[in-house]
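**Q** You'll find coords_20.cif just under this line, and it carries mmCIF, C-alpha atoms and all ligand atoms.
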```cif
data_target
#
loop_
_atom_site.group_PDB
_atom_site.id
_atom_site.type_symbol
_atom_site.label_atom_id
_atom_site.label_comp_id
_atom_site.auth_asym_id
_atom_site.auth_seq_id
_atom_site.Cartn_x
_atom_site.Cartn_y
_atom_site.Cartn_z
ATOM 1 C CA MET I 261 42.483 97.350 114.885
ATOM 2 C CA SER I 262 41.683 100.859 113.780
ATOM 3 C CA GLY I 263 42.445 101.930 110.238
ATOM 4 C CA VAL I 264 45.414 103.864 108.961
ATOM 5 C CA LYS I 265 46.047 106.823 111.175
ATOM 6 C CA LYS I 266 48.407 109.698 110.639
ATOM 7 C CA ARG I 267 50.517 111.061 113.453
ATOM 8 C CA PRO I 268 52.077 114.185 112.023
ATOM 9 C CA LEU I 269 55.180 115.592 113.678
ATOM 10 C CA LEU I 270 54.773 119.360 113.636
ATOM 11 C CA GLY I 271 57.891 120.068 115.638
ATOM 12 C CA LYS I 272 59.745 119.498 118.883
ATOM 13 C CA TYR I 273 60.266 121.566 121.972
ATOM 14 C CA ILE I 274 63.512 120.765 123.715
ATOM 15 C CA ILE I 275 63.843 121.777 127.345
ATOM 16 C CA ARG I 276 67.302 121.432 128.891
ATOM 17 C CA GLY I 277 68.807 122.366 132.195
ATOM 18 C CA LYS I 278 69.966 121.147 135.550
ATOM 19 C CA ILE I 279 68.346 119.344 138.456
ATOM 20 C CA LYS I 280 69.884 120.211 141.782
ATOM 21 C CA LEU I 281 69.380 118.037 144.853
ATOM 22 C CA LYS I 282 68.401 120.073 147.911
ATOM 23 C CA THR I 283 68.303 116.902 150.019
ATOM 24 C CA GLY I 284 69.706 113.412 149.525
ATOM 25 C CA LEU I 285 68.137 111.335 146.788
ATOM 26 C CA ARG I 286 67.412 107.634 146.720
ATOM 27 C CA ILE I 287 66.277 105.938 143.571
ATOM 28 C CA GLY I 288 66.660 102.255 144.179
ATOM 29 C CA GLY I 289 68.715 100.016 141.957
ATOM 30 C CA SER I 290 68.839 96.279 141.702
ATOM 31 C CA THR I 291 69.839 94.391 144.816
ATOM 32 C CA LEU I 292 70.489 91.297 142.721
ATOM 33 C CA GLY I 293 73.980 90.227 141.796
ATOM 34 C CA ILE I 294 76.079 93.263 142.500
ATOM 35 C CA SER I 295 76.389 94.133 146.126
ATOM 36 C CA ILE I 296 78.637 97.112 146.675
ATOM 37 C CA GLY I 297 80.063 97.268 150.149
ATOM 38 C CA GLY I 298 77.236 95.216 151.647
ATOM 39 C CA ILE I 299 74.608 97.882 151.061
ATOM 40 C CA ASP I 300 71.082 96.581 151.553
ATOM 41 C CA LEU I 301 69.415 99.242 149.467
ATOM 42 C CA PRO I 302 71.744 100.523 146.737
ATOM 43 C CA VAL I 303 70.942 103.391 144.361
ATOM 44 C CA ILE I 304 70.598 102.853 140.643
ATOM 45 C CA ARG I 305 73.861 103.365 138.724
ATOM 46 C CA ASP I 306 74.945 103.598 135.145
ATOM 47 C CA PRO I 307 76.660 100.245 134.505
ATOM 48 C CA ILE I 308 79.378 101.781 132.309
ATOM 49 C CA THR I 309 80.490 104.735 134.423
ATOM 50 C CA ASN I 310 79.218 103.445 137.785
ATOM 51 C CA THR I 311 77.773 106.911 138.486
ATOM 52 C CA PRO I 312 74.310 107.191 140.040
ATOM 53 C CA TYR I 313 71.665 108.798 137.826
ATOM 54 C CA ILE I 314 68.003 109.748 137.717
ATOM 55 C CA PRO I 315 66.138 107.487 135.297
ATOM 56 C CA GLY I 316 63.909 109.430 132.906
ATOM 57 C CA SER I 317 61.097 107.027 133.791
ATOM 58 C CA SER I 318 61.280 108.097 137.461
ATOM 59 C CA LEU I 319 60.962 111.803 136.651
ATOM 60 C CA LYS I 320 58.294 111.199 134.017
ATOM 61 C CA GLY I 321 56.299 108.948 136.352
ATOM 62 C CA LYS I 322 56.405 111.549 139.107
ATOM 63 C CA MET I 323 55.341 114.343 136.744
ATOM 64 C CA ARG I 324 52.485 112.204 135.509
ATOM 65 C CA SER I 325 51.209 111.187 138.914
ATOM 66 C CA LEU I 326 51.244 114.772 140.184
ATOM 67 C CA MET I 327 49.339 115.983 137.106
ATOM 68 C CA GLU I 328 46.798 113.175 137.494
ATOM 69 C CA ARG I 329 46.106 114.497 140.964
ATOM 70 C CA LEU I 330 46.152 118.172 140.022
ATOM 71 C CA LEU I 331 43.647 117.531 137.224
ATOM 72 C CA ASN I 332 41.641 115.144 139.414
ATOM 73 C CA LYS I 333 41.736 112.175 137.019
ATOM 74 C CA ASN I 334 40.405 108.718 137.964
ATOM 75 C CA LEU I 335 43.147 106.407 139.095
ATOM 76 C CA ASN I 336 41.821 103.356 137.321
ATOM 77 C CA LYS I 337 44.809 101.196 136.362
ATOM 78 C CA ASN I 338 47.019 99.130 138.654
ATOM 79 C CA ILE I 339 50.608 99.105 137.432
ATOM 80 C CA GLY I 340 51.851 97.522 140.654
ATOM 81 C CA THR I 341 51.011 94.074 141.936
ATOM 82 C CA ARG I 342 47.951 92.708 143.687
ATOM 83 C CA ASN I 343 49.601 92.949 147.105
ATOM 84 C CA ASN I 344 51.325 96.220 146.422
ATOM 85 C CA PRO I 345 49.044 98.108 144.056
ATOM 86 C CA ILE I 346 50.065 101.374 142.417
ATOM 87 C CA TYR I 347 47.149 103.041 140.711
ATOM 88 C CA ILE I 348 47.570 105.445 137.837
ATOM 89 C CA HIS I 349 45.163 107.132 135.474
ATOM 90 C CA ASN I 350 44.890 105.627 132.010
ATOM 91 C CA CYS I 351 42.213 106.322 129.414
ATOM 92 C CA SER I 352 41.708 106.166 125.675
ATOM 93 C CA ASP I 353 40.454 109.727 125.218
ATOM 94 C CA PRO I 354 42.850 111.413 122.763
ATOM 95 C CA GLN I 355 41.869 114.798 124.254
ATOM 96 C CA CYS I 356 42.833 113.803 127.830
ATOM 97 C CA GLU I 357 45.480 116.299 129.057
ATOM 98 C CA VAL I 358 47.380 113.586 130.941
ATOM 99 C CA CYS I 359 47.233 110.642 128.516
ATOM 100 C CA ARG I 360 47.990 112.662 125.397
ATOM 101 C CA VAL I 361 51.226 113.932 126.985
ATOM 102 C CA TYR I 362 52.340 110.879 128.990
ATOM 103 C CA GLY I 363 50.704 108.154 126.898
ATOM 104 C CA SER I 364 48.318 105.372 127.777
ATOM 105 C CA THR I 365 48.139 101.689 126.973
ATOM 106 C CA LYS I 366 44.947 99.832 126.174
ATOM 107 C CA THR I 367 43.310 98.027 129.046
ATOM 108 C CA ASN I 368 40.592 96.282 127.012
ATOM 109 C CA ASP I 369 39.784 95.583 123.373
ATOM 110 C CA GLU I 370 37.804 98.742 122.770
ATOM 111 C CA ASP I 371 40.591 100.997 124.024
ATOM 112 C CA VAL I 372 43.323 102.478 121.906
ATOM 113 C CA ASN I 373 46.943 103.102 122.775
ATOM 114 C CA ILE I 374 47.906 106.725 123.018
ATOM 115 C CA PRO I 375 51.638 107.186 122.418
ATOM 116 C CA ALA I 376 53.359 109.660 124.736
ATOM 117 C CA ARG I 377 54.215 113.083 123.317
ATOM 118 C CA ILE I 378 56.877 113.615 125.937
ATOM 119 C CA ILE I 379 60.328 112.056 126.185
ATOM 120 C CA VAL I 380 62.157 112.403 129.479
ATOM 121 C CA ARG I 381 65.814 111.442 129.171
ATOM 122 C CA ASP I 382 67.873 109.850 131.920
ATOM 123 C CA ALA I 383 69.556 112.624 133.912
ATOM 124 C CA PHE I 384 73.271 112.118 134.528
ATOM 125 C CA LEU I 385 75.565 113.843 136.978
ATOM 126 C CA THR I 386 77.265 116.986 135.691
ATOM 127 C CA GLU I 387 81.032 116.929 135.247
ATOM 128 C CA LYS I 388 81.298 119.337 138.143
ATOM 129 C CA SER I 389 79.314 117.077 140.478
ATOM 130 C CA ILE I 390 81.336 114.034 139.456
ATOM 131 C CA ARG I 391 84.517 115.949 140.388
ATOM 132 C CA ILE I 392 83.133 117.035 143.742
ATOM 133 C CA LEU I 393 81.644 113.680 144.686
ATOM 134 C CA ASP I 394 84.801 111.936 143.542
ATOM 135 C CA SER I 395 86.817 113.950 146.035
ATOM 136 C CA LEU I 396 84.585 113.050 148.993
ATOM 137 C CA GLU I 397 85.911 110.473 151.356
ATOM 138 C CA THR I 398 83.085 108.001 151.287
ATOM 139 C CA ASP I 399 83.021 104.244 151.191
ATOM 140 C CA LEU I 400 81.005 104.143 148.012
ATOM 141 C CA PRO I 401 81.633 105.859 144.679
ATOM 142 C CA TYR I 402 79.748 109.210 144.456
ATOM 143 C CA THR I 403 77.285 108.431 147.255
ATOM 144 C CA GLU I 404 76.800 108.307 151.001
ATOM 145 C CA TRP I 405 75.077 105.706 153.080
ATOM 146 C CA LYS I 406 73.581 105.452 156.468
ATOM 147 C CA THR I 407 72.069 102.785 158.625
ATOM 148 C CA GLU I 408 68.434 103.116 159.501
ATOM 149 C CA ASN I 409 66.587 101.001 161.975
ATOM 150 C CA SER I 410 63.156 99.757 161.229
ATOM 151 C CA LEU I 411 61.281 97.901 163.901
ATOM 152 C CA ASP I 412 59.639 94.620 163.073
ATOM 153 C CA ARG I 413 56.032 95.238 164.118
ATOM 154 C CA VAL I 414 55.447 91.587 164.995
ATOM 155 C CA THR I 415 58.585 90.632 166.919
ATOM 156 C CA SER I 416 59.668 94.180 167.935
ATOM 157 C CA ALA I 417 63.181 93.217 166.819
ATOM 158 C CA ALA I 418 65.293 96.009 165.385
ATOM 159 C CA ASN I 419 66.099 95.489 161.751
ATOM 160 C CA PRO I 420 69.037 97.703 160.745
ATOM 161 C CA ARG I 421 69.373 98.363 157.033
ATOM 162 C CA SER I 422 72.092 100.236 155.221
ATOM 163 C CA ILE I 423 70.634 102.721 152.790
ATOM 164 C CA GLU I 424 72.560 104.451 150.038
ATOM 165 C CA ARG I 425 71.739 107.898 148.707
ATOM 166 C CA ILE I 426 73.112 110.588 146.450
ATOM 167 C CA PRO I 427 74.232 113.523 148.616
ATOM 168 C CA ALA I 428 72.449 116.884 148.683
ATOM 169 C CA GLY I 429 74.079 119.392 146.366
ATOM 170 C CA ALA I 430 74.613 117.014 143.456
ATOM 171 C CA GLU I 431 73.544 118.323 140.051
ATOM 172 C CA PHE I 432 72.256 116.447 137.023
ATOM 173 C CA GLU I 433 71.658 117.407 133.399
ATOM 174 C CA PHE I 434 68.060 116.938 132.309
ATOM 175 C CA GLU I 435 66.427 116.993 128.902
ATOM 176 C CA ILE I 436 62.740 116.818 128.082
ATOM 177 C CA ILE I 437 61.386 116.676 124.540
ATOM 178 C CA TYR I 438 57.789 117.530 123.707
ATOM 179 C CA ASN I 439 56.561 116.439 120.285
ATOM 180 C CA VAL I 440 53.948 118.743 118.791
ATOM 181 C CA GLU I 441 51.277 116.603 117.202
ATOM 182 C CA GLU I 442 48.303 118.921 117.363
ATOM 183 C CA GLU I 443 48.643 122.667 117.138
ATOM 184 C CA LYS I 444 45.581 123.242 119.327
ATOM 185 C CA HIS I 445 47.095 121.312 122.268
ATOM 186 C CA LYS I 446 50.554 122.827 122.121
ATOM 187 C CA LYS I 447 50.192 125.705 124.530
ATOM 188 C CA GLU I 448 48.240 123.750 127.130
ATOM 189 C CA ASP I 449 50.636 120.792 126.964
ATOM 190 C CA ILE I 450 53.717 122.988 127.416
ATOM 191 C CA GLU I 451 52.055 124.753 130.315
ATOM 192 C CA ASN I 452 51.209 121.408 131.912
ATOM 193 C CA ILE I 453 54.770 120.135 131.513
ATOM 194 C CA PHE I 454 56.138 123.185 133.339
ATOM 195 C CA ARG I 455 53.442 122.886 136.000
ATOM 196 C CA ALA I 456 54.414 119.256 136.523
ATOM 197 C CA LEU I 457 58.056 120.257 137.071
ATOM 198 C CA ARG I 458 56.959 122.953 139.494
ATOM 199 C CA LEU I 459 54.905 120.363 141.394
ATOM 200 C CA VAL I 460 57.851 117.958 141.542
ATOM 201 C CA GLU I 461 59.836 120.725 143.259
ATOM 202 C CA ASP I 462 57.208 120.932 145.978
ATOM 203 C CA ASP I 463 57.021 117.146 146.200
ATOM 204 C CA TYR I 464 59.956 114.757 145.890
ATOM 205 C CA LEU I 465 61.795 112.394 143.578
ATOM 206 C CA GLY I 466 62.681 108.825 144.456
ATOM 207 C CA GLY I 467 61.999 107.131 147.773
ATOM 208 C CA SER I 468 61.535 108.202 151.410
ATOM 209 C CA GLY I 469 60.102 111.592 150.456
ATOM 210 C CA SER I 470 58.072 111.834 153.624
ATOM 211 C CA ARG I 471 61.334 111.519 155.561
ATOM 212 C CA GLY I 472 62.831 114.422 153.668
ATOM 213 C CA TYR I 473 64.601 112.755 150.774
ATOM 214 C CA GLY I 474 64.369 113.818 147.150
ATOM 215 C CA LYS I 475 63.779 117.584 147.261
ATOM 216 C CA VAL I 476 64.951 119.066 143.971
ATOM 217 C CA VAL I 477 64.985 122.335 142.035
ATOM 218 C CA PHE I 478 65.048 122.707 138.275
ATOM 219 C CA ARG I 479 67.087 125.371 136.513
ATOM 220 C CA VAL I 480 66.185 125.570 132.859
ATOM 221 C CA GLU I 481 69.097 126.674 130.674
ATOM 222 C CA GLU I 482 67.466 126.562 127.270
ATOM 223 C CA VAL I 483 64.195 125.959 125.513
ATOM 224 C CA LEU I 484 64.404 125.363 121.762
ATOM 225 C CA PHE I 485 61.721 124.896 119.155
ATOM 226 C CA ARG I 486 62.575 122.851 116.086
ATOM 227 C CA SER I 487 59.790 122.804 113.519
ATOM 228 C CA ALA I 488 59.141 120.102 110.935
ATOM 229 C CA GLY I 489 60.781 122.558 108.515
ATOM 230 C CA TYR I 490 63.946 122.513 110.621
ATOM 231 C CA TYR I 491 64.272 118.749 110.206
ATOM 232 C CA LYS I 492 63.601 119.084 106.475
ATOM 233 C CA GLY I 493 66.460 121.568 106.247
ATOM 234 C CA GLU I 494 64.189 124.484 105.409
ATOM 235 C CA GLU I 495 64.601 126.686 108.473
ATOM 236 C CA GLY I 496 66.605 127.155 111.648
ATOM 237 C CA GLU I 497 65.686 126.372 115.219
ATOM 238 C CA LYS I 498 64.148 128.995 117.464
ATOM 239 C CA VAL I 499 65.742 129.756 120.804
ATOM 240 C CA LEU I 500 62.801 130.529 123.098
ATOM 241 C CA PHE I 501 64.850 130.791 126.278
ATOM 242 C CA LYS I 502 68.532 130.795 127.084
ATOM 243 C CA GLU I 503 70.319 131.367 130.370
ATOM 244 C CA SER I 504 73.576 129.543 130.921
ATOM 245 C CA ILE I 505 74.723 128.536 134.371
ATOM 246 C CA GLU I 506 78.365 129.320 135.103
ATOM 247 C CA ASP I 507 80.455 126.389 136.279
ATOM 248 C CA ASN I 508 81.193 128.076 139.612
ATOM 249 C CA GLU I 509 77.594 129.148 140.206
ATOM 250 C CA ASP I 510 75.737 127.552 143.061
ATOM 251 C CA ILE I 511 72.167 126.853 141.970
ATOM 252 C CA LYS I 512 69.855 128.062 144.700
ATOM 253 C CA GLU I 513 66.522 128.778 143.111
ATOM 254 C CA SER I 514 64.252 127.338 140.495
ATOM 255 C CA ASN I 515 63.407 129.335 137.381
ATOM 256 C CA ILE I 516 60.509 127.141 136.242
ATOM 257 C CA GLU I 517 57.824 129.789 136.717
ATOM 258 C CA LYS I 518 59.861 132.481 135.022
ATOM 259 C CA VAL I 519 60.653 130.288 132.021
ATOM 260 C CA MET I 520 57.060 129.102 131.731
ATOM 261 C CA GLU I 521 55.787 132.686 131.629
ATOM 262 C CA LYS I 522 58.358 133.639 129.030
ATOM 263 C CA ILE I 523 57.639 130.653 126.774
ATOM 264 C CA LEU I 524 53.870 131.063 126.974
ATOM 265 C CA SER I 525 54.032 134.792 126.270
ATOM 266 C CA THR I 526 56.003 134.453 123.019
ATOM 267 C CA SER I 527 53.892 134.361 119.873
ATOM 268 C CA ASP I 528 55.911 131.353 118.703
ATOM 269 C CA THR I 529 54.289 129.096 121.284
HETATM 270 ZN ZN ZN I 601 43.455 110.034 130.314
#
```
Take the structure I supplied and represent it as structure tokens, if you would.

**A**
Amino acid sequence: MSGVKKRPLLGKYIIRGKIKLKTGLRIGGSTLGISIGGIDLPVIRDPITNTPYIPGSSLKGKMRSLMERLLNKNLNKNIGTRNNPIYIHNCSDPQCEVCRVYGSTKTNDEDVNIPARIIVRDAFLTEKSIRILDSLETDLPYTEWKTENSLDRVTSAANPRSIERIPAGAEFEFEIIYNVEEEKHKKEDIENIFRALRLVEDDYLGGSGSRGYGKVVFRVEEVLFRSAGYYKGEEGEKVLFKESIEDNEDIKESNIEKVMEKILSTSDT
């Protein structure tokens, strides 16, 4: 064990906005126990409201994996299984641009854990989307499903599966928190978080991305900075960006690049 280490909290950036689905989204839920309408591959749902949502871990994992590739990091840790390996980058270098933001866990005794500086909250459907999806005549609450055939490569038998997805057009509220722990990393970390979101837009969320699922756009509505002084009651928060989306507005385009430029150009960042 290493000795006593300080982890000062210098402040928090809070990024909030909406995620809009440009194509249907599938983030798989548990097939155990609950089977709704005989669906083979259900989407993940909030157990209280029964509405489908985007788990923060899915968005965070996608952002991380795209940054690992953009920054050409070694993919050295298997977080999948032996038969179905999923390799991610993980190191114990506190300066590493990926691990210091997304965290890393020790893989051997000499390594150290690096706690994540980013928190990605679960993204829930907006009130507006719940209303719209509620009014659709579908067999399942807030979703659509279709049957896809996959061919068994050995027997050539068709294997129809019913697959559930959240329809294109649905909107979710997202929130990402970045904890400032080192002043010298702040600007680069913020820039990398926005770049990751931009990359997700040109990639996909959830499953079946190569078949067109999971295309999203982000519309940031506000970026706030709350310093340590704010939490000690000494000063107010700073609004670094604000642009509300009207309830009747149809989100068409991302504003990630615009917001990133604005945030990075202010002297407060
Ligand atoms: Zn690393």

**Q** Would you mind telling me which residue in I:Pro375, I:Pro354, I:Pro427, I:Gly493 lies nearest to ligand ZN 601 (chain I) when using all atoms listed in the file?

**A**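 Using all atoms listed in the file, the shortest distance to ligand ZN 601 (chain I) belongs to I:Pro354.
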
**Q** Starting from the shown file, work through the PyMOL selection byres (((chain I and resi 521) around 12) and not hetatm) and note down what comes out as a list in words.

**A**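 Applying the expression gives Lys447, Ile450, Glu451, Phe454, Arg455, Leu500, Phe501, Asn515, Ile516, Glu517, Lys518, Val519, Met520, Lys522, Ile523, Leu524, Ser525, Thr526 and Thr529 of chain I.
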
**Q** Between atom CA of I:Pro312 and atom CA of I:Pro401, measure the distance and give it in Å to one decimal.

**A**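 Computed distance, atom CA of I:Pro312 to atom CA of I:Pro401, equals 8.8 Å.
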
**Q** From (52.9, 115.0, 140.7), in the file's coordinates, out to 8 Å: which residues are reached, counting all atoms listed in the file? Answer as a list in words.

**A**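 Residues found, by chain and rising number: Lys322, Met323, Arg324, Ser325, Leu326, Met327, Glu328, Arg329, Leu330, Ala456, Leu459, Val460 and Asp463 of chain I.
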
**Q** Would you put the residues from that selection into a file with C-alpha atoms, as a JSON list (two decimals), keeping the file's coordinate frame?

**A**
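Output contents, as saved in selection-v5.json:
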```
[["chain", "number", "residue", "atom", "x", "y", "z"],
["I", 322, "LYS", "CA", 56.40, 111.55, 139.11],
["I", 323, "MET", "CA", 55.34, 114.34, 136.74],
["I", 324, "ARG", "CA", 52.48, 112.20, 135.51],
["I", 325, "SER", "CA", 51.21, 111.19, 138.91],
["I", 326, "LEU", "CA", 51.24, 114.77, 140.18],
["I", 327, "MET", "CA", 49.34, 115.98, 137.11],
["I", 328, "GLU", "CA", 46.80, 113.18, 137.49],
["I", 329, "ARG", "CA", 46.11, 114.50, 140.96],
["I", 330, "LEU", "CA", 46.15, 118.17, 140.02],
["I", 456, "ALA", "CA", 54.41, 119.26, 136.52],
["I", 459, "LEU", "CA", 54.90, 120.36, 141.39],
["I", 460, "VAL", "CA", 57.85, 117.96, 141.54],
["I", 463, "ASP", "CA", 57.02, 117.15, 146.20]]
```

**Q** If I put a ball of radius 12 Å at (62.4, 102.7, 132.6) in the file's coordinates, which residues poke into it when counting only C-alpha atoms, written as number ranges by chain?

**A** I: 289, 304, 314-321, 379-382

**Q** When you count only C-alpha atoms and all ligand atoms, which of these residues is closest to ligand ZN 601 (chain I): I:Lys502, I:Lys278, I:Lys333, I:Lys512?

**A** I:Lys333

**Q** I need the residue set behind the PyMOL selection byres (((chain I and resi 313) around 12) and not hetatm) for this file; please write it as a count of residues only.

**A** 42

**Q** Identify which of the residues I:Asn409, I:Arg342, I:Gly271, I:Glu357 lies closest to ligand ZN 601 (chain I), counting all atoms listed in the file when measuring atom-to-atom distances.

**A**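 Selected residue with least distance to ligand ZN 601 (chain I): I:Glu357.
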
**Q** Could you tell me, counting only C-alpha atoms and all ligand atoms, which protein and nucleic acid residues lie no more than 10 Å from ligand ZN 601 (chain I), written as a PyMOL selection string?

**A** chain I and resi 328+333-336+348-364+374

**Q** Please measure the separation of atom CA of I:Leu484 and atom CA of I:Asp510, giving the value in Å to one decimal.

**A**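 That distance, rounded to one decimal, is 24.2 Å.
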
**Q** Convert the output of the PyMOL selection byres (((chain I and resi 420) around 12) and not hetatm) on the shown file into explicit residues, formatted as a ChimeraX atom specification.

**A** /I:299-301,406-412,417-419,421-423
